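File shown: coords_19.cif. Contents: mmCIF, C-alpha atoms.
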data_protein
loop_
_atom_site.label_atom_id
_atom_site.label_comp_id
_atom_site.auth_asym_id
_atom_site.auth_seq_id
_atom_site.Cartn_x
_atom_site.Cartn_y
_atom_site.Cartn_z
CA MET A 1 134.14 136.00 110.77
CA PHE A 2 135.67 139.25 109.51
CA ASN A 3 136.40 141.68 112.33
CA MET A 4 136.87 145.16 110.86
CA PHE A 5 138.06 146.59 114.18
CA LYS A 6 140.60 143.88 115.01
CA ALA A 7 143.40 146.43 115.49
CA TRP A 8 141.55 148.02 118.40
CA ASN A 9 141.08 144.67 120.14
CA ASP A 10 144.79 143.89 119.67
CA ALA A 11 145.78 147.33 120.97
CA ILE A 12 143.72 146.88 124.13
CA LYS A 13 145.27 143.47 124.71
CA GLY A 14 148.69 145.06 124.10
CA GLY A 15 148.12 147.47 126.99
CA CYS A 16 147.51 150.82 125.35
CA LEU A 17 144.95 151.71 128.00
CA GLN A 18 145.85 153.05 131.44
CA GLY A 19 142.76 152.32 133.46
CA ASP A 20 139.89 153.58 131.32
CA VAL A 21 141.95 156.22 129.50
CA ALA A 22 143.53 155.66 126.07
CA THR A 23 147.19 156.60 125.70
CA LEU A 24 149.11 157.74 122.61
CA SER A 25 150.03 154.15 121.83
CA CYS A 26 146.35 153.60 120.95
CA LEU A 27 146.38 156.16 118.11
CA PRO A 28 147.64 153.80 115.36
CA ALA A 29 144.85 151.35 116.16
CA ILE A 30 142.26 154.13 116.20
CA PHE A 31 143.58 155.46 112.87
CA LEU A 32 143.49 151.98 111.31
CA ASN A 33 139.92 151.45 112.51
CA ILE A 34 138.80 154.80 111.10
CA LEU A 35 140.51 153.97 107.82
CA SER A 36 138.80 150.58 107.67
CA ALA A 37 135.41 152.14 108.35
CA LEU A 38 136.00 154.80 105.67
CA LEU A 39 136.95 152.15 103.12
CA ALA A 40 133.74 150.26 103.89
CA PHE A 41 131.80 153.52 103.56
CA VAL A 42 133.40 154.29 100.18
CA GLY A 43 132.55 150.81 98.91
CA LEU A 44 128.97 151.15 100.08
CA THR A 45 128.70 154.61 98.54
CA ALA A 46 130.00 153.32 95.20
CA LEU A 47 127.43 150.50 95.30
CA ILE A 48 124.64 152.97 96.05
CA MET A 49 125.82 155.19 93.17
CA PHE A 50 125.59 152.20 90.81
CA ILE A 51 122.09 151.33 92.04
CA ILE A 52 120.88 154.93 91.69
CA GLY A 53 122.44 155.11 88.23
CA GLY A 54 120.65 151.90 87.25
CA PHE A 55 117.28 153.23 88.39
CA LYS A 56 117.89 156.51 86.58
CA PHE A 57 118.86 154.64 83.43
CA MET A 58 115.76 152.42 83.56
CA ASN A 59 113.49 155.42 84.06
CA ALA A 60 115.19 157.65 81.46
CA GLU A 61 112.58 156.82 78.80
CA GLY A 62 115.06 157.66 76.03
CA ASP A 63 115.61 161.22 77.24
CA PRO A 64 119.28 162.07 76.51
CA LYS A 65 119.50 164.39 79.52
CA LYS A 66 118.34 161.67 81.94
CA ILE A 67 120.61 159.09 80.32
CA SER A 68 123.54 161.47 80.74
CA GLY A 69 122.69 161.86 84.44
CA ALA A 70 122.62 158.08 84.87
CA GLU A 71 125.98 157.75 83.11
CA ASN A 72 127.41 160.39 85.45
CA ASN A 73 126.30 158.32 88.45
CA PHE A 74 128.15 155.29 87.09
CA LYS A 75 131.21 157.37 86.18
CA PHE A 76 131.49 159.09 89.56
CA GLY A 77 130.95 155.81 91.41
CA ILE A 78 133.81 154.21 89.50
CA ILE A 79 136.11 157.23 89.90
CA GLY A 80 135.46 157.46 93.65
CA GLY A 81 136.08 153.76 94.19
CA LEU A 82 139.27 153.83 92.14
CA ILE A 83 140.64 156.84 94.03
CA ALA A 84 140.02 155.16 97.38
CA LEU A 85 141.56 151.86 96.30
CA SER A 86 144.50 153.50 94.56
CA SER A 87 145.50 155.20 97.82
CA PHE A 88 146.19 151.76 99.30
CA LEU A 89 148.00 150.70 96.13
CA ILE A 90 150.24 153.77 96.31
CA ILE A 91 151.15 153.06 99.95
CA ASN A 92 151.98 149.44 99.12
CA VAL A 93 154.09 150.38 96.08
CA ILE A 94 156.04 152.96 98.09
CA SER A 95 156.54 150.43 100.86
CA THR A 96 157.79 147.78 98.45
CA LEU A 97 160.10 150.11 96.52
CA THR A 98 161.68 151.63 99.62
CA GLY A 99 161.73 148.45 101.69
CA VAL A 100 160.04 150.22 104.59
CA GLU A 101 157.30 147.78 105.58
CA CYS A 102 156.26 149.60 108.75
CA ILE A 103 154.31 152.29 106.85
CA LYS A 104 151.67 149.64 106.18
CA THR A 105 151.00 149.26 109.90
CA PHE A 106 150.17 152.94 110.60
CA GLY A 107 152.63 153.14 113.46
CA PHE A 108 154.58 156.17 114.65
CA GLY A 109 157.92 154.88 113.45
CA CYS A 110 159.99 151.92 112.53
CA GLN A 111 161.98 150.11 115.16
#
Go ahead and express the file in the form of structure tokens.
Amino acid sequence: MFNMFKAWNDAIKGGCLQGDVATLSCLPAIFLNILSALLAFVGLTALIMFIIGGFKFMNAEGDPKKISGAENNFKFGIIGGLIALSSFLIINVISTLTGVECIKTFGFGCQ
């Protein structure tokens, strides 16, 4: 099963906690988990935009103003999803071109 917050579980096993308090070595895992949750939120928001646009389009009754509003829902859903996904593409392209693979892991530096 897909575990969206796997990085946090790995960080805890790696010893980033001192007692019950998180240390700075936990920050990359926290950042990765927040990023994963935001990506899921963006995908869900894009899906909701498509559904709302579909309902608006079905209920437009031929009114050009309502059809335009429905098209805007589709357009903004696509644009938002593409912007979110292109951010990951840009990071991967930069990583591949420069040969610095550690920027994909959200760490504080390369060893």
Evaluating the PyMOL selection byres ((chain A and resi 37-40) around 12) on the displayed file yields which residues, as number ranges by chain? A: 3-6, 30-36, 41-47, 80-88
Straight-line distance linking atom CA of A:Ile78 with atom CA of A:Asn92, stated in Å to one decimal: 21.1 Å
The PyMOL selection byres ((chain A and resi 56) around 9) on the file shown: which residues, as a count of residues only? 15
To one decimal place, how far is atom CA of A:Met49 from atom CA of A:Ile90 in Å?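 Those two atoms sit 24.7 Å apart.
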Give the centre and edge lengths of an axis-aligned box, in Å to one decimal, that holds all listed atoms of stretch 59-76 of chain A with 8 Å on each side, as AutoDock Vina command-line options.
--center_x 122.0 --center_y 159.8 --center_z 82.8 --size_x 34.9 --size_y 25.1 --size_z 29.5
How many Å separate atom CA of A:Val100 from atom CA of A:Pro28?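 Separation between atom CA of A:Val100 and atom CA of A:Pro28: 16.8 Å.
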Residue among A:Leu17, A:Ile48, A:Val93, A:Leu24 lying closest to A:Gly77, counting all atoms listed in the file: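 Under the stated criterion, the closest residue is A:Ile48.
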